[in-house]
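With mmCIF, C-alpha atoms inside, this is run.cif:
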data_query
#
loop_
_atom_site.label_atom_id
_atom_site.label_comp_id
_atom_site.auth_asym_id
_atom_site.auth_seq_id
_atom_site.Cartn_x
_atom_site.Cartn_y
_atom_site.Cartn_z
CA MET A 1 93.24 116.94 114.53
CA PRO A 2 96.88 116.09 113.80
CA GLN A 3 97.55 112.44 114.54
CA GLY A 4 100.90 111.67 112.97
CA CYS A 5 103.37 112.58 110.31
CA ASP A 6 104.04 111.36 106.83
CA ARG A 7 107.47 111.85 105.26
CA ARG A 8 107.04 112.56 101.58
CA GLN A 9 109.09 114.38 98.99
CA GLY A 10 111.63 115.35 101.62
CA GLY A 11 109.08 117.13 103.79
CA MET A 12 106.83 116.36 106.75
CA ARG A 13 103.07 116.31 106.17
CA MET A 14 100.73 116.08 109.12
CA ARG A 15 98.11 113.35 108.91
CA ARG A 16 94.73 114.51 110.06
CA LEU A 17 91.36 112.91 110.70
CA PRO A 18 88.69 114.65 108.61
CA GLY A 19 85.44 115.30 110.50
CA GLU A 20 84.38 114.06 113.92
CA GLU A 21 85.46 110.65 115.17
CA GLY A 22 81.78 109.74 115.56
CA ILE A 23 81.06 110.11 111.84
CA TRP A 24 83.59 107.37 111.09
CA VAL A 25 81.80 105.06 113.52
CA LEU A 26 78.56 105.78 111.62
CA ILE A 27 80.33 105.21 108.29
CA GLY A 28 81.71 101.88 109.56
CA GLY A 29 78.26 100.74 110.71
CA ASP A 30 76.63 101.73 107.43
CA LEU A 31 79.34 100.03 105.38
CA PHE A 32 78.81 96.86 107.42
CA VAL A 33 75.03 96.88 106.89
CA PHE A 34 75.30 97.62 103.17
CA SER A 35 77.99 94.95 102.80
CA LEU A 36 75.37 92.48 104.01
CA PHE A 37 72.94 93.93 101.44
CA PHE A 38 75.47 93.47 98.62
CA LEU A 39 76.21 89.87 99.60
CA THR A 40 72.51 89.11 100.11
CA PHE A 41 71.82 90.32 96.56
CA LEU A 42 74.56 88.11 95.13
CA TYR A 43 73.36 85.13 97.17
CA TYR A 44 69.80 85.39 95.81
CA ARG A 45 71.18 86.09 92.34
CA GLY A 46 73.17 82.86 92.54
CA THR A 47 70.10 80.86 93.49
CA GLU A 48 67.67 82.48 90.99
CA MET A 49 69.95 83.46 88.11
CA ALA A 50 67.27 83.30 85.38
CA VAL A 51 64.82 85.48 87.35
CA PHE A 52 67.51 88.04 88.14
CA VAL A 53 68.82 88.25 84.57
CA ALA A 54 65.29 88.63 83.15
CA SER A 55 64.25 91.21 85.76
CA GLN A 56 67.44 93.23 85.32
CA ARG A 57 66.55 93.68 81.63
CA GLY A 58 63.46 95.54 82.85
CA LEU A 59 65.57 98.21 84.54
CA SER A 60 66.50 101.31 82.57
CA LEU A 61 70.28 101.76 82.44
CA GLY A 62 69.69 105.44 81.64
CA PHE A 63 68.15 106.11 85.06
CA GLY A 64 70.96 104.28 86.85
CA LEU A 65 73.64 106.09 84.86
CA ALA A 66 72.00 109.50 85.35
CA ASN A 67 71.72 108.89 89.08
CA THR A 68 75.39 107.90 89.26
CA LEU A 69 76.39 111.10 87.45
CA TRP A 70 74.14 113.20 89.75
CA LEU A 71 75.85 111.82 92.84
CA LEU A 72 79.42 111.89 91.49
CA THR A 73 78.95 115.52 90.49
CA SER A 74 77.36 116.47 93.80
CA SER A 75 80.29 114.82 95.60
CA LEU A 76 82.69 116.94 93.55
CA PHE A 77 80.82 120.13 94.52
CA VAL A 78 80.83 119.14 98.20
CA ALA A 79 84.55 118.26 98.14
CA ILE A 80 85.53 121.57 96.53
CA GLY A 81 83.16 123.51 98.80
CA THR A 82 84.61 121.96 101.94
CA GLN A 83 88.19 122.65 100.78
CA ARG A 84 87.23 126.28 100.14
CA LEU A 85 85.55 126.61 103.53
CA ARG A 86 88.64 125.21 105.23
CA ARG A 87 90.89 127.71 103.49
CA GLY A 88 88.48 130.53 104.36
CA GLY A 89 87.52 133.47 102.20
CA ALA A 90 86.35 131.72 99.04
CA PRO A 91 82.56 131.24 98.91
CA ALA A 92 81.27 127.68 99.20
CA THR A 93 77.53 128.31 99.50
CA LEU A 94 76.83 128.10 95.77
CA LEU A 95 78.75 124.83 95.54
CA TYR A 96 76.69 123.29 98.33
CA LEU A 97 73.50 124.54 96.68
CA ALA A 98 74.63 122.97 93.41
CA ALA A 99 75.28 119.71 95.28
CA MET A 100 71.73 119.89 96.68
CA GLY A 101 70.44 120.44 93.16
CA CYS A 102 72.20 117.26 92.04
CA GLY A 103 70.77 115.39 95.03
CA LEU A 104 67.28 116.57 94.12
CA GLY A 105 67.96 115.42 90.55
CA PHE A 106 68.68 111.96 91.95
CA VAL A 107 65.41 111.96 93.92
CA GLY A 108 63.45 113.16 90.87
CA ASP A 109 64.95 110.43 88.68
CA LYS A 110 64.15 107.83 91.32
CA VAL A 111 60.53 108.98 91.59
CA VAL A 112 60.09 108.77 87.81
CA GLU A 113 61.87 105.39 87.62
CA TRP A 114 59.82 103.85 90.42
CA GLY A 115 56.65 105.42 88.98
CA GLU A 116 57.30 103.65 85.66
CA LYS A 117 57.73 100.37 87.49
CA PHE A 118 54.53 100.76 89.54
CA ARG A 119 52.54 101.72 86.41
CA ALA A 120 53.88 98.58 84.71
CA GLY A 121 52.50 96.54 87.61
CA ILE A 122 55.94 95.84 89.09
CA SER A 123 56.20 96.03 92.85
CA VAL A 124 58.12 94.67 95.80
CA ASN A 125 56.00 91.50 95.52
CA THR A 126 56.87 90.76 91.88
CA ASN A 127 59.89 88.55 92.62
CA ASP A 128 63.06 88.43 94.74
CA PHE A 129 64.99 90.68 92.36
CA TYR A 130 62.44 93.49 92.66
CA MET A 131 62.00 92.86 96.38
CA LEU A 132 65.73 93.52 96.88
CA TYR A 133 65.72 96.34 94.30
CA PHE A 134 62.98 98.32 96.07
CA ALA A 135 64.31 97.51 99.56
CA PHE A 136 67.98 98.37 99.02
CA THR A 137 67.53 101.33 96.68
CA GLY A 138 64.73 102.53 99.00
CA ILE A 139 67.02 102.45 102.04
CA HIS A 140 69.63 104.23 99.95
CA LEU A 141 67.02 106.83 98.96
CA LEU A 142 66.41 107.48 102.67
CA HIS A 143 70.14 108.15 102.96
CA VAL A 144 69.88 110.62 100.06
CA LEU A 145 66.97 112.44 101.76
CA LEU A 146 68.89 112.55 105.06
CA GLY A 147 71.93 113.72 103.10
CA LEU A 148 69.91 116.56 101.57
CA GLY A 149 69.12 117.70 105.12
CA VAL A 150 72.85 117.55 105.89
CA LEU A 151 73.61 119.58 102.75
CA SER A 152 71.09 122.21 103.94
CA PHE A 153 73.17 122.52 107.12
CA LEU A 154 76.37 122.81 105.06
CA THR A 155 74.77 125.51 102.91
CA ALA A 156 73.66 127.50 105.95
CA ALA A 157 77.00 127.05 107.73
CA SER A 158 78.97 128.21 104.70
CA ARG A 159 77.28 131.61 104.57
CA LYS A 160 79.69 133.01 107.16
CA PRO A 161 83.24 132.21 108.35
CA VAL A 162 83.23 128.97 110.32
CA SER A 163 84.92 128.17 113.62
CA ALA A 164 87.19 125.12 113.93
CA ARG A 165 84.41 123.29 115.78
CA ARG A 166 81.83 124.10 113.10
CA LEU A 167 84.28 123.14 110.36
CA MET A 168 84.52 119.67 111.93
CA LEU A 169 80.73 119.38 111.70
CA VAL A 170 80.78 120.54 108.09
CA GLU A 171 83.48 117.98 107.26
CA SER A 172 81.42 115.26 108.96
CA GLY A 173 78.39 116.22 106.88
CA ALA A 174 80.47 116.17 103.71
CA ILE A 175 81.81 112.70 104.56
CA PHE A 176 78.25 111.44 105.02
CA TRP A 177 77.28 112.77 101.59
CA HIS A 178 80.28 111.03 100.02
CA LEU A 179 79.11 107.80 101.71
CA VAL A 180 75.76 108.19 99.95
CA ASP A 181 77.67 108.46 96.65
CA LEU A 182 79.90 105.47 97.50
CA LEU A 183 77.00 103.18 98.36
CA TRP A 184 75.17 104.04 95.14
CA ILE A 185 78.28 103.18 93.07
CA VAL A 186 78.07 99.57 94.28
CA LEU A 187 74.25 99.37 94.12
CA PHE A 188 74.36 100.66 90.53
CA ALA A 189 76.93 98.02 89.56
CA LEU A 190 74.97 95.20 91.20
CA PHE A 191 71.44 96.04 90.06
CA TYR A 192 72.08 97.56 86.62
CA LEU A 193 75.43 96.34 85.30
CA VAL A 194 76.35 92.84 86.50
CA ARG A 195 74.93 90.55 83.84
CA MET B 1 88.10 117.77 89.14
CA ALA B 2 90.59 115.20 87.78
CA VAL B 3 89.22 112.56 90.15
CA TRP B 4 85.65 113.36 89.07
CA ALA B 5 86.64 112.99 85.39
CA VAL B 6 88.23 109.61 86.14
CA LEU B 7 85.12 108.50 88.04
CA VAL B 8 82.81 109.53 85.19
CA GLY B 9 85.14 107.87 82.69
CA ILE B 10 85.11 104.58 84.59
CA THR B 11 81.31 104.81 84.89
CA LEU B 12 80.90 105.22 81.13
CA ILE B 13 83.34 102.38 80.43
CA SER B 14 81.38 100.16 82.86
CA CYS B 15 78.12 100.96 81.09
CA GLY B 16 79.40 100.79 77.54
CA SER B 17 82.21 98.49 76.73
CA ALA B 18 82.26 96.03 79.61
CA HIS B 19 79.66 93.93 77.86
CA ASP B 20 81.61 93.85 74.62
CA VAL B 21 85.15 93.28 75.90
CA VAL B 22 84.59 90.25 78.09
CA GLY B 23 81.75 87.80 78.43
CA GLY B 24 80.00 85.64 81.01
CA ARG B 25 81.02 85.78 84.62
CA LEU B 26 84.22 87.71 83.87
CA GLU B 27 82.05 90.57 82.65
CA GLY B 28 80.40 90.77 86.07
CA VAL B 29 83.78 90.58 87.79
CA ALA B 30 85.07 93.46 85.62
CA VAL B 31 82.01 95.57 86.55
CA ILE B 32 82.50 94.92 90.27
CA VAL B 33 86.25 95.62 90.13
CA LEU B 34 85.63 98.91 88.27
CA ALA B 35 82.96 99.87 90.85
CA LEU B 36 85.39 99.23 93.69
CA VAL B 37 88.11 101.26 91.95
CA LYS B 38 85.59 104.13 91.94
CA VAL B 39 84.75 103.49 95.60
CA ARG B 40 88.46 103.69 96.47
CA PHE B 41 88.76 107.06 94.71
CA VAL B 42 85.72 108.38 96.63
CA VAL B 43 87.19 107.18 99.94
CA LEU B 44 90.72 108.46 99.34
CA ASP B 45 90.02 111.74 97.55
CA PHE B 46 86.48 112.91 98.33
CA MET B 47 86.45 111.66 101.92
CA GLU B 48 90.10 112.80 102.20
CA VAL B 49 91.24 109.50 103.71
CA ARG B 50 94.45 109.67 101.63
CA ALA B 51 95.81 112.16 104.19
CA ALA B 52 94.02 110.62 107.21
CA PRO B 53 95.68 108.58 109.96
CA VAL B 54 97.04 105.30 108.63
CA GLY B 55 94.67 103.18 110.75
CA LEU B 56 91.57 104.69 109.12
CA ARG B 57 93.04 104.29 105.64
CA VAL B 58 93.98 100.66 106.29
CA ALA B 59 90.51 99.92 107.69
CA LEU B 60 88.68 101.41 104.70
CA GLU B 61 91.00 100.04 102.04
CA GLY B 62 90.82 96.70 103.84
CA TRP B 63 87.02 96.86 103.60
CA VAL B 64 87.25 97.50 99.85
CA VAL B 65 89.47 94.44 99.41
CA VAL B 66 87.36 92.17 101.64
CA ILE B 67 83.95 93.12 100.20
CA GLY B 68 85.44 93.07 96.70
CA GLY B 69 86.88 89.60 97.25
CA ALA B 70 83.59 88.35 98.67
CA MET B 71 81.53 89.77 95.79
CA VAL B 72 83.89 88.45 93.12
CA GLY B 73 83.91 85.05 94.84
CA MET B 74 80.11 84.91 94.88
CA LEU B 75 79.98 85.91 91.20
CA LEU B 76 82.52 83.32 90.12
CA PHE B 77 81.34 80.45 92.33
CA PRO B 78 77.63 81.06 93.05
CA TRP B 79 76.98 77.36 93.65
CA VAL B 80 79.33 77.36 96.66
CA PHE B 81 77.03 79.78 98.47
CA SER B 82 73.68 78.29 97.48
#
Could the structure of this file be written out as structure tokens, please?
Amino acid sequence: MPQGCDRRQGGMRMRRLPGEEGIWVLIGGDLFVFSLFFLTFLYYRGTEMAVFVASQRGLSLGFGLANTLWLLTSSLFVAIGTQRLRRGGAPATLLYLAAMGCGLGFVGDKVVEWGEKFRAGISVNTNDFYMLYFAFTGIHLLHVLLGLGVLSFLTAASRKPVSARRLMLVESGAIFWHLVDLLWIVLFALFYLVR
Amino acid sequence: MAVWAVLVGITLISCGSAHDVVGGRLEGVAVIVLALVKVRFVVLDFMEVRAAPVGLRVALEGWVVVIGGAMVGMLLFPWVFS
């Protein structure tokens, strides 16, 4: 919905809130909770530096990197698909399906990565690093699974022309999927990259 | 597509050269700053907040600055928080 104007390059551009207002409340709540997760991780890291550094070496950077690329690429597909749907005419269904494929790639990677850890005898009880690793990436994985359900809705909705009301729902779903991507970017940096 | 290429580029830089260019705590700070640059791109371009009402953009960019400042602070001065 138009909520203001922005003067740029000599013209007037309407500012508009993407998606439903409610989705932004959800985004705000999730960002708050995950902010606490990020700071909790750094707090424990500060108190048990040696344990965290040693445990981090046990993580495979390849899995983390692959999962980041899966989600960044799926976000791109969702962003282009939603722009197409808004303009009307151009098909978006294949893009949403491709985004789902990327999301499933993330889940598959995570299953293999966790499987390796469990087979190596590493679990949530191993130490504080792995306790936080399984807890936070597990909660994020739940977001991915919920997001895959949302992408199913987007895929179904995109098979025919959408009303303005339905487009708002599609935009809200897309914003949620981008949140899943955003949260992983920080989790990846904290668990795999910060030495 | 351009934004995606930038995001992938930053990801690869974070994984590859961050460890070689700087050392110690600054390396961690560089990784966090690069992650938050990526987060800002996702918020502004994928979530389309760049063209959203100013209040929403200020709130989300403000969050990036606040959480970034807190994380960098905890990386640089871990003993303050323990």
Item to check | Hits from the PyMOL selection byres ((chain B) within 9 of (chain A)), listed as number ranges by chain | outcome: B: 1, 3-4, 7-8, 11-12, 14-15, 18-19, 24-25, 27-32, 34-36, 38-40, 42-43, 45-54, 56, 60, 63, 67, 70-71, 74-75, 77-79, 81-82
Next on the checklist: Here is a test: counting only C-alpha atoms, which residue of A:Phe153, A:Phe129, A:Trp70, A:Phe134 is nearest to Ala50 in chain A?
Outcome noted: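 The answer is A:Phe129, which sits nearest to Ala50 in chain A.
Going from CA of Gly105 in chain A over to CA of Leu142 in chain A, you cover 14.6 Å.
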Next on the checklist: Just to confirm, what's the straight-line distance from CA of Trp114 in chain A to CA of Arg57 in chain A in Å (one decimal)?
Outcome noted: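 Taking CA of Trp114 in chain A as the start and CA of Arg57 in chain A as the end point, the length is 15.0 Å.
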Checklist entry - By how many Å are CA of Pro91 in chain A and CA of Phe41 in chain B apart? => result 25.3 Å
Exercise on range 94-112 of chain A, axis-aligned box with 5 Å per side, report centre and edge lengths in Å to one decimal, as JSON:
{"center_x": 69.4, "center_y": 118.0, "center_z": 93.1, "size_x": 28.7, "size_y": 30.3, "size_z": 20.5}
Next on the checklist: With distances taken over all atoms listed in the file, which residue among A:Gly29, A:Gly88, A:Gly103, A:Gly149 lies nearest Pro161 in chain A?
Outcome noted: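 Counting all atoms listed in the file, the residue closest to Pro161 in chain A is A:Gly88.
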